[in-house]
>>> print(open('run_32.cif').read())   # mmCIF, C-alpha atoms
data_model
#
loop_
_atom_site.label_atom_id
_atom_site.label_comp_id
_atom_site.auth_asym_id
_atom_site.auth_seq_id
_atom_site.Cartn_x
_atom_site.Cartn_y
_atom_site.Cartn_z
CA GLN A 1 35.15 52.21 71.42
CA LYS A 2 34.61 51.89 75.18
CA LEU A 3 31.07 50.55 74.64
CA LYS A 4 32.40 48.03 72.14
CA ALA A 5 35.13 46.92 74.55
CA GLU A 6 32.45 46.48 77.24
CA GLY A 7 30.40 44.31 74.87
CA LYS A 8 27.51 46.77 74.83
CA ILE A 9 27.72 47.35 71.08
CA ARG A 10 29.18 45.20 68.34
CA TYR A 11 30.28 47.65 65.68
CA VAL A 12 31.55 51.20 65.45
CA GLY A 13 31.08 53.16 62.26
CA VAL A 14 30.65 56.52 60.64
CA THR A 15 28.18 57.60 57.97
CA THR A 16 27.97 60.43 55.50
CA SER A 17 25.64 61.08 52.59
CA HIS A 18 25.45 62.91 49.31
CA GLY A 19 29.25 62.97 49.05
CA ARG A 20 29.61 65.43 51.90
CA ARG A 21 32.55 65.59 54.26
CA HIS A 22 34.81 63.13 52.47
CA ASP A 23 37.91 64.87 53.80
CA GLU A 24 36.67 64.51 57.35
CA LEU A 25 35.59 60.91 56.75
CA GLU A 26 39.03 60.09 55.39
CA ARG A 27 40.67 61.60 58.49
CA VAL A 28 38.45 59.54 60.79
CA MET A 29 39.09 56.38 58.77
CA LYS A 30 42.84 56.93 59.12
CA THR A 31 42.82 57.67 62.84
CA GLN A 32 40.00 55.63 64.37
CA ASP A 33 39.36 51.90 64.70
CA LEU A 34 36.19 51.59 62.60
CA ASP A 35 34.24 48.49 61.65
CA PHE A 36 32.28 50.20 58.88
CA VAL A 37 31.66 53.39 56.97
CA GLN A 38 28.61 54.42 54.99
CA LEU A 39 29.12 56.69 52.03
CA THR A 40 27.59 57.76 48.74
CA TYR A 41 28.81 55.79 45.74
CA ASN A 42 27.13 55.22 42.41
CA MET A 43 27.91 55.27 38.70
CA ASP A 44 27.58 59.06 38.59
CA GLU A 45 29.11 59.89 41.98
CA ARG A 46 32.47 58.11 42.05
CA GLU A 47 34.59 60.37 44.26
CA ALA A 48 34.81 57.61 46.91
CA GLU A 49 36.86 55.49 44.48
CA ARG A 50 39.83 57.84 44.68
CA ARG A 51 40.64 57.69 48.39
CA LEU A 52 37.89 56.25 50.56
CA LEU A 53 37.33 52.83 49.00
CA PRO A 54 41.07 52.03 48.79
CA LEU A 55 41.52 53.22 52.38
CA ALA A 56 38.62 51.06 53.56
CA ALA A 57 40.15 48.02 51.87
CA GLU A 58 43.58 48.78 53.32
CA ARG A 59 42.18 49.18 56.86
CA ASN A 60 39.67 46.30 56.56
CA ILE A 61 36.68 48.61 57.08
CA ALA A 62 33.33 47.38 55.75
CA VAL A 63 31.66 49.76 53.27
CA ILE A 64 27.93 50.41 53.08
CA THR A 65 27.08 52.40 49.97
CA ASN A 66 24.09 54.69 50.09
CA ARG A 67 22.34 56.24 47.11
CA PRO A 68 23.55 53.54 44.69
CA LEU A 69 20.76 54.55 42.30
CA ASP A 70 21.10 58.26 43.14
CA GLY A 71 17.61 58.35 44.59
CA GLY A 72 16.28 56.91 41.33
CA ALA A 73 17.74 59.70 39.19
CA LEU A 74 20.38 57.40 37.68
CA VAL A 75 17.81 54.80 36.65
CA ASP A 76 15.44 57.49 35.32
CA ARG A 77 18.24 58.94 33.18
CA LEU A 78 19.22 55.53 31.82
CA ASN A 79 15.60 54.50 31.16
CA ALA A 80 15.04 57.74 29.25
CA ARG A 81 17.93 56.79 26.97
CA SER A 82 17.06 53.11 26.59
CA LYS A 83 14.40 51.04 28.31
CA ALA A 84 16.81 48.13 28.80
CA PRO A 85 20.51 47.74 29.50
CA PRO A 86 22.78 46.48 26.70
CA ALA A 87 22.10 42.89 25.66
CA TRP A 88 25.58 41.82 26.82
CA ALA A 89 24.57 42.61 30.43
CA LYS A 90 22.49 39.41 30.38
CA GLU A 91 25.82 37.56 30.64
CA ILE A 92 25.80 38.42 34.36
CA GLY A 93 22.04 38.08 34.85
CA VAL A 94 21.09 41.74 34.47
CA GLU A 95 17.63 42.54 33.14
CA THR A 96 17.07 46.15 34.28
CA TRP A 97 19.07 49.33 34.78
CA SER A 98 18.61 49.09 38.55
CA GLN A 99 20.17 45.63 38.55
CA PHE A 100 22.91 46.89 36.23
CA ALA A 101 23.83 49.74 38.61
CA LEU A 102 23.58 47.61 41.75
CA LYS A 103 25.78 44.84 40.37
CA TRP A 104 28.34 47.44 39.36
CA ILE A 105 28.35 48.85 42.91
CA VAL A 106 28.55 45.61 44.89
CA SER A 107 31.20 44.15 42.60
CA HIS A 108 33.72 46.77 43.72
CA PRO A 109 36.17 44.80 45.91
CA ALA A 110 35.94 47.29 48.80
CA VAL A 111 32.12 47.44 48.90
CA THR A 112 30.35 45.24 51.43
CA VAL A 113 26.72 46.12 50.71
CA ALA A 114 24.54 48.68 48.94
CA ILE A 115 21.34 50.14 50.38
CA PRO A 116 19.03 51.28 47.56
CA ALA A 117 16.40 52.68 49.96
CA THR A 118 13.08 52.16 48.25
CA SER A 119 9.55 52.31 49.59
CA SER A 120 8.21 50.38 46.59
CA VAL A 121 7.77 46.62 46.83
CA ALA A 122 8.06 46.37 43.04
CA HIS A 123 11.38 48.22 43.10
CA MET A 124 12.61 46.05 45.95
CA ARG A 125 11.82 42.91 43.95
CA GLU A 126 13.53 44.37 40.90
CA ASN A 127 16.60 45.29 42.96
CA MET A 128 16.77 41.78 44.42
CA GLY A 129 17.33 40.57 40.86
CA ALA A 130 20.85 41.96 41.18
CA CYS A 131 21.54 39.04 43.56
CA ARG A 132 21.23 36.57 40.68
CA GLY A 133 23.95 35.69 38.24
CA ASP A 134 27.64 36.48 38.37
CA LEU A 135 29.23 39.66 39.57
CA PRO A 136 31.17 41.55 36.92
CA ASN A 137 34.95 41.44 36.97
CA GLU A 138 37.07 44.60 36.61
CA LYS A 139 37.01 44.51 32.81
CA PHE A 140 33.24 44.01 32.72
CA ARG A 141 32.77 46.82 35.28
CA ALA A 142 34.68 49.18 32.96
CA ARG A 143 32.41 48.14 30.09
CA MET A 144 29.37 48.80 32.26
CA LEU A 145 30.62 52.24 33.22
CA ALA A 146 31.30 53.13 29.58
CA ALA A 147 27.71 52.12 28.74
CA VAL A 148 26.20 54.68 31.11
CA ARG A 149 28.33 57.64 29.92
#
>>> encode(input="run_32.cif", output="structure tokens")
Amino acid sequence: QKLKAEGKIRYVGVTTSHGRRHDELERVMKTQDLDFVQLTYNMDEREAERRLLPLAAERNIAVITNRPLDGGALVDRLNARSKAPPAWAKEIGVETWSQFALKWIVSHPAVTVAIPATSSVAHMRENMGACRGDLPNEKFRARMLAAVR
């Protein structure tokens, strides 16, 4: 905080990964003046929805979600079941499971950005497709979640 006050840094934040230390992260979010947090959030790992995302919204803390595709495991599981998302997902511009999962993540009102972390140019291009079309509303998000269960 001192470095920020001195103008030496712009933002102060805390990160965690793989769903670890949520209790500690919550405590820090409640007691410190944070600009952002980074946490694990995806269609299979939704613990952050219970306390952390609402707290971030309440305290105006930006949220960076890591592992939105669960390191590719989520997309692999969905592709094994069906090579393409449901046809109704085209209503919001979704063509692939990666785009489906990313749109679901970034449409949460408390989420600022998702970082899919890929080393593949092809996957990066595919993921960028999630930037096209509309974001799903709450009702559509629920439909999306039901489709991956």
>>> residues_around(input="run_32.cif", residues="A:Leu69", least_positions_apart="5", cutoff="12 Å", atoms="all atoms listed in the file", output="ChimeraX atom specification")
/A:18,40-45,74-78,97-105,114-118,123,127
>>> atom_distance(input="run_32.cif", atom1="atom CA of A:Asn137", atom2="atom CA of A:Ala89")
12.3 Å
>>> atom_distance(input="run_32.cif", atom1="atom CA of A:Ala56", atom2="atom CA of A:Pro109")
10.2 Å
>>> resolve_selection(input="run_32.cif", expression="the PyMOL selection byres ((chain A and resi 62) around 10)", output="compact mmCIF listing (two decimals) with C-alpha atoms, keeping the file's coordinate frame")
# COMPACT_ATOMS: atom_id res chain seq x y z
CA GLY A 13 31.08 53.16 62.26
CA LEU A 34 36.19 51.59 62.60
CA ASP A 35 34.24 48.49 61.65
CA PHE A 36 32.28 50.20 58.88
CA VAL A 37 31.66 53.39 56.97
CA GLN A 38 28.61 54.42 54.99
CA LEU A 53 37.33 52.83 49.00
CA ALA A 56 38.62 51.06 53.56
CA ALA A 57 40.15 48.02 51.87
CA ARG A 59 42.18 49.18 56.86
CA ASN A 60 39.67 46.30 56.56
CA ILE A 61 36.68 48.61 57.08
CA VAL A 63 31.66 49.76 53.27
CA ILE A 64 27.93 50.41 53.08
CA THR A 65 27.08 52.40 49.97
CA ALA A 110 35.94 47.29 48.80
CA VAL A 111 32.12 47.44 48.90
CA THR A 112 30.35 45.24 51.43
CA VAL A 113 26.72 46.12 50.71
>>> atom_distance(input="run_32.cif", atom1="atom CA of A:Thr31", atom2="atom CA of A:Pro68")
26.8 Å
>>> closest_residue(input="run_32.cif", among="A:Ala147, A:Val106, A:Thr96, A:Met29", to="A:Asp134", atoms="only C-alpha atoms")
A:Val106
>>> resolve_selection(input="run_32.cif", expression="the PyMOL selection byres ((chain A and resi 19) around 10)", output="PyMOL selection string")
chain A and resi 16-18+20-22+39-41+45-48+66-67
>>> closest_residue(input="run_32.cif", among="A:Cys131, A:Pro86, A:Arg50, A:Lys8", to="A:Leu145", atoms="only C-alpha atoms")
A:Pro86
>>> closest_residue(input="run_32.cif", among="A:Gly71, A:Leu52, A:Val28, A:Met144", to="A:Pro85", atoms="only C-alpha atoms")
A:Met144
>>> build_atoms(input="run_32.cif", residues="stretch 98-130 of chain A", atoms="N, CA and C atoms", output="PDB file, in the frame of the given file")
ATOM      1  N   SER A  98      18.365  49.147  37.103  1.00  0.00           N
ATOM      2  CA  SER A  98      18.610  49.090  38.550  1.00  0.00           C
ATOM      3  C   SER A  98      19.560  47.944  38.880  1.00  0.00           C
ATOM      4  N   GLN A  99      19.295  46.786  38.327  1.00  0.00           N
ATOM      5  CA  GLN A  99      20.170  45.630  38.550  1.00  0.00           C
ATOM      6  C   GLN A  99      21.567  45.899  38.007  1.00  0.00           C
ATOM      7  N   PHE A 100      21.637  46.528  36.863  1.00  0.00           N
ATOM      8  CA  PHE A 100      22.910  46.890  36.230  1.00  0.00           C
ATOM      9  C   PHE A 100      23.743  47.751  37.192  1.00  0.00           C
ATOM     10  N   ALA A 101      23.122  48.822  37.710  1.00  0.00           N
ATOM     11  CA  ALA A 101      23.830  49.740  38.610  1.00  0.00           C
ATOM     12  C   ALA A 101      24.199  49.074  39.934  1.00  0.00           C
ATOM     13  N   LEU A 102      23.304  48.272  40.478  1.00  0.00           N
ATOM     14  CA  LEU A 102      23.580  47.610  41.750  1.00  0.00           C
ATOM     15  C   LEU A 102      24.698  46.581  41.629  1.00  0.00           C
ATOM     16  N   LYS A 103      24.687  45.816  40.560  1.00  0.00           N
ATOM     17  CA  LYS A 103      25.780  44.840  40.370  1.00  0.00           C
ATOM     18  C   LYS A 103      27.117  45.548  40.216  1.00  0.00           C
ATOM     19  N   TRP A 104      27.103  46.676  39.523  1.00  0.00           N
ATOM     20  CA  TRP A 104      28.340  47.440  39.360  1.00  0.00           C
ATOM     21  C   TRP A 104      28.858  47.879  40.726  1.00  0.00           C
ATOM     22  N   ILE A 105      27.968  48.371  41.577  1.00  0.00           N
ATOM     23  CA  ILE A 105      28.350  48.850  42.910  1.00  0.00           C
ATOM     24  C   ILE A 105      28.906  47.722  43.764  1.00  0.00           C
ATOM     25  N   VAL A 106      28.142  46.663  43.939  1.00  0.00           N
ATOM     26  CA  VAL A 106      28.550  45.610  44.890  1.00  0.00           C
ATOM     27  C   VAL A 106      29.714  44.774  44.380  1.00  0.00           C
ATOM     28  N   SER A 107      30.056  44.900  43.115  1.00  0.00           N
ATOM     29  CA  SER A 107      31.200  44.150  42.600  1.00  0.00           C
ATOM     30  C   SER A 107      32.529  44.860  42.870  1.00  0.00           C
ATOM     31  N   HIS A 108      32.470  46.094  43.349  1.00  0.00           N
ATOM     32  CA  HIS A 108      33.720  46.770  43.720  1.00  0.00           C
ATOM     33  C   HIS A 108      34.308  45.999  44.907  1.00  0.00           C
ATOM     34  N   PRO A 109      35.580  45.633  44.851  1.00  0.00           N
ATOM     35  CA  PRO A 109      36.170  44.800  45.910  1.00  0.00           C
ATOM     36  C   PRO A 109      36.082  45.384  47.320  1.00  0.00           C
ATOM     37  N   ALA A 110      35.989  46.687  47.465  1.00  0.00           N
ATOM     38  CA  ALA A 110      35.940  47.290  48.800  1.00  0.00           C
ATOM     39  C   ALA A 110      34.520  47.441  49.333  1.00  0.00           C
ATOM     40  N   VAL A 111      33.512  47.235  48.486  1.00  0.00           N
ATOM     41  CA  VAL A 111      32.120  47.440  48.900  1.00  0.00           C
ATOM     42  C   VAL A 111      31.571  46.175  49.548  1.00  0.00           C
ATOM     43  N   THR A 112      30.953  46.356  50.701  1.00  0.00           N
ATOM     44  CA  THR A 112      30.350  45.240  51.430  1.00  0.00           C
ATOM     45  C   THR A 112      28.882  45.071  51.040  1.00  0.00           C
ATOM     46  N   VAL A 113      28.156  46.188  50.988  1.00  0.00           N
ATOM     47  CA  VAL A 113      26.720  46.120  50.710  1.00  0.00           C
ATOM     48  C   VAL A 113      26.247  47.484  50.194  1.00  0.00           C
ATOM     49  N   ALA A 114      25.170  47.450  49.425  1.00  0.00           N
ATOM     50  CA  ALA A 114      24.540  48.680  48.940  1.00  0.00           C
ATOM     51  C   ALA A 114      23.125  48.750  49.527  1.00  0.00           C
ATOM     52  N   ILE A 115      22.701  49.962  49.859  1.00  0.00           N
ATOM     53  CA  ILE A 115      21.340  50.140  50.380  1.00  0.00           C
ATOM     54  C   ILE A 115      20.570  51.068  49.432  1.00  0.00           C
ATOM     55  N   PRO A 116      19.747  50.481  48.549  1.00  0.00           N
ATOM     56  CA  PRO A 116      19.030  51.280  47.560  1.00  0.00           C
ATOM     57  C   PRO A 116      17.932  52.174  48.125  1.00  0.00           C
ATOM     58  N   ALA A 117      17.396  51.850  49.292  1.00  0.00           N
ATOM     59  CA  ALA A 117      16.400  52.680  49.960  1.00  0.00           C
ATOM     60  C   ALA A 117      15.181  52.951  49.084  1.00  0.00           C
ATOM     61  N   THR A 118      14.327  51.981  48.992  1.00  0.00           N
ATOM     62  CA  THR A 118      13.080  52.160  48.250  1.00  0.00           C
ATOM     63  C   THR A 118      11.894  51.917  49.161  1.00  0.00           C
ATOM     64  N   SER A 119      10.795  52.565  48.858  1.00  0.00           N
ATOM     65  CA  SER A 119       9.550  52.310  49.590  1.00  0.00           C
ATOM     66  C   SER A 119       8.588  51.501  48.717  1.00  0.00           C
ATOM     67  N   SER A 120       9.048  51.113  47.538  1.00  0.00           N
ATOM     68  CA  SER A 120       8.210  50.380  46.590  1.00  0.00           C
ATOM     69  C   SER A 120       8.561  48.889  46.601  1.00  0.00           C
ATOM     70  N   VAL A 121       7.556  48.067  46.841  1.00  0.00           N
ATOM     71  CA  VAL A 121       7.770  46.620  46.830  1.00  0.00           C
ATOM     72  C   VAL A 121       8.234  46.168  45.447  1.00  0.00           C
ATOM     73  N   ALA A 122       7.664  46.737  44.404  1.00  0.00           N
ATOM     74  CA  ALA A 122       8.060  46.370  43.040  1.00  0.00           C
ATOM     75  C   ALA A 122       9.533  46.699  42.795  1.00  0.00           C
ATOM     76  N   HIS A 123       9.968  47.862  43.260  1.00  0.00           N
ATOM     77  CA  HIS A 123      11.380  48.220  43.100  1.00  0.00           C
ATOM     78  C   HIS A 123      12.285  47.319  43.922  1.00  0.00           C
ATOM     79  N   MET A 124      11.835  46.948  45.113  1.00  0.00           N
ATOM     80  CA  MET A 124      12.610  46.050  45.950  1.00  0.00           C
ATOM     81  C   MET A 124      12.783  44.702  45.256  1.00  0.00           C
ATOM     82  N   ARG A 125      11.726  44.190  44.679  1.00  0.00           N
ATOM     83  CA  ARG A 125      11.820  42.910  43.950  1.00  0.00           C
ATOM     84  C   ARG A 125      12.761  43.035  42.757  1.00  0.00           C
ATOM     85  N   GLU A 126      12.643  44.134  42.039  1.00  0.00           N
ATOM     86  CA  GLU A 126      13.530  44.370  40.900  1.00  0.00           C
ATOM     87  C   GLU A 126      14.986  44.435  41.375  1.00  0.00           C
ATOM     88  N   ASN A 127      15.241  45.171  42.440  1.00  0.00           N
ATOM     89  CA  ASN A 127      16.600  45.290  42.960  1.00  0.00           C
ATOM     90  C   ASN A 127      17.163  43.951  43.408  1.00  0.00           C
ATOM     91  N   MET A 128      16.322  43.103  43.974  1.00  0.00           N
ATOM     92  CA  MET A 128      16.770  41.780  44.420  1.00  0.00           C
ATOM     93  C   MET A 128      17.273  40.939  43.244  1.00  0.00           C
ATOM     94  N   GLY A 129      16.841  41.264  42.044  1.00  0.00           N
ATOM     95  CA  GLY A 129      17.330  40.570  40.860  1.00  0.00           C
ATOM     96  C   GLY A 129      18.837  40.721  40.676  1.00  0.00           C
ATOM     97  N   ALA A 130      19.395  41.759  41.272  1.00  0.00           N
ATOM     98  CA  ALA A 130      20.850  41.960  41.180  1.00  0.00           C
ATOM     99  C   ALA A 130      21.610  40.886  41.959  1.00  0.00           C
TER     100      ALA A 130
END
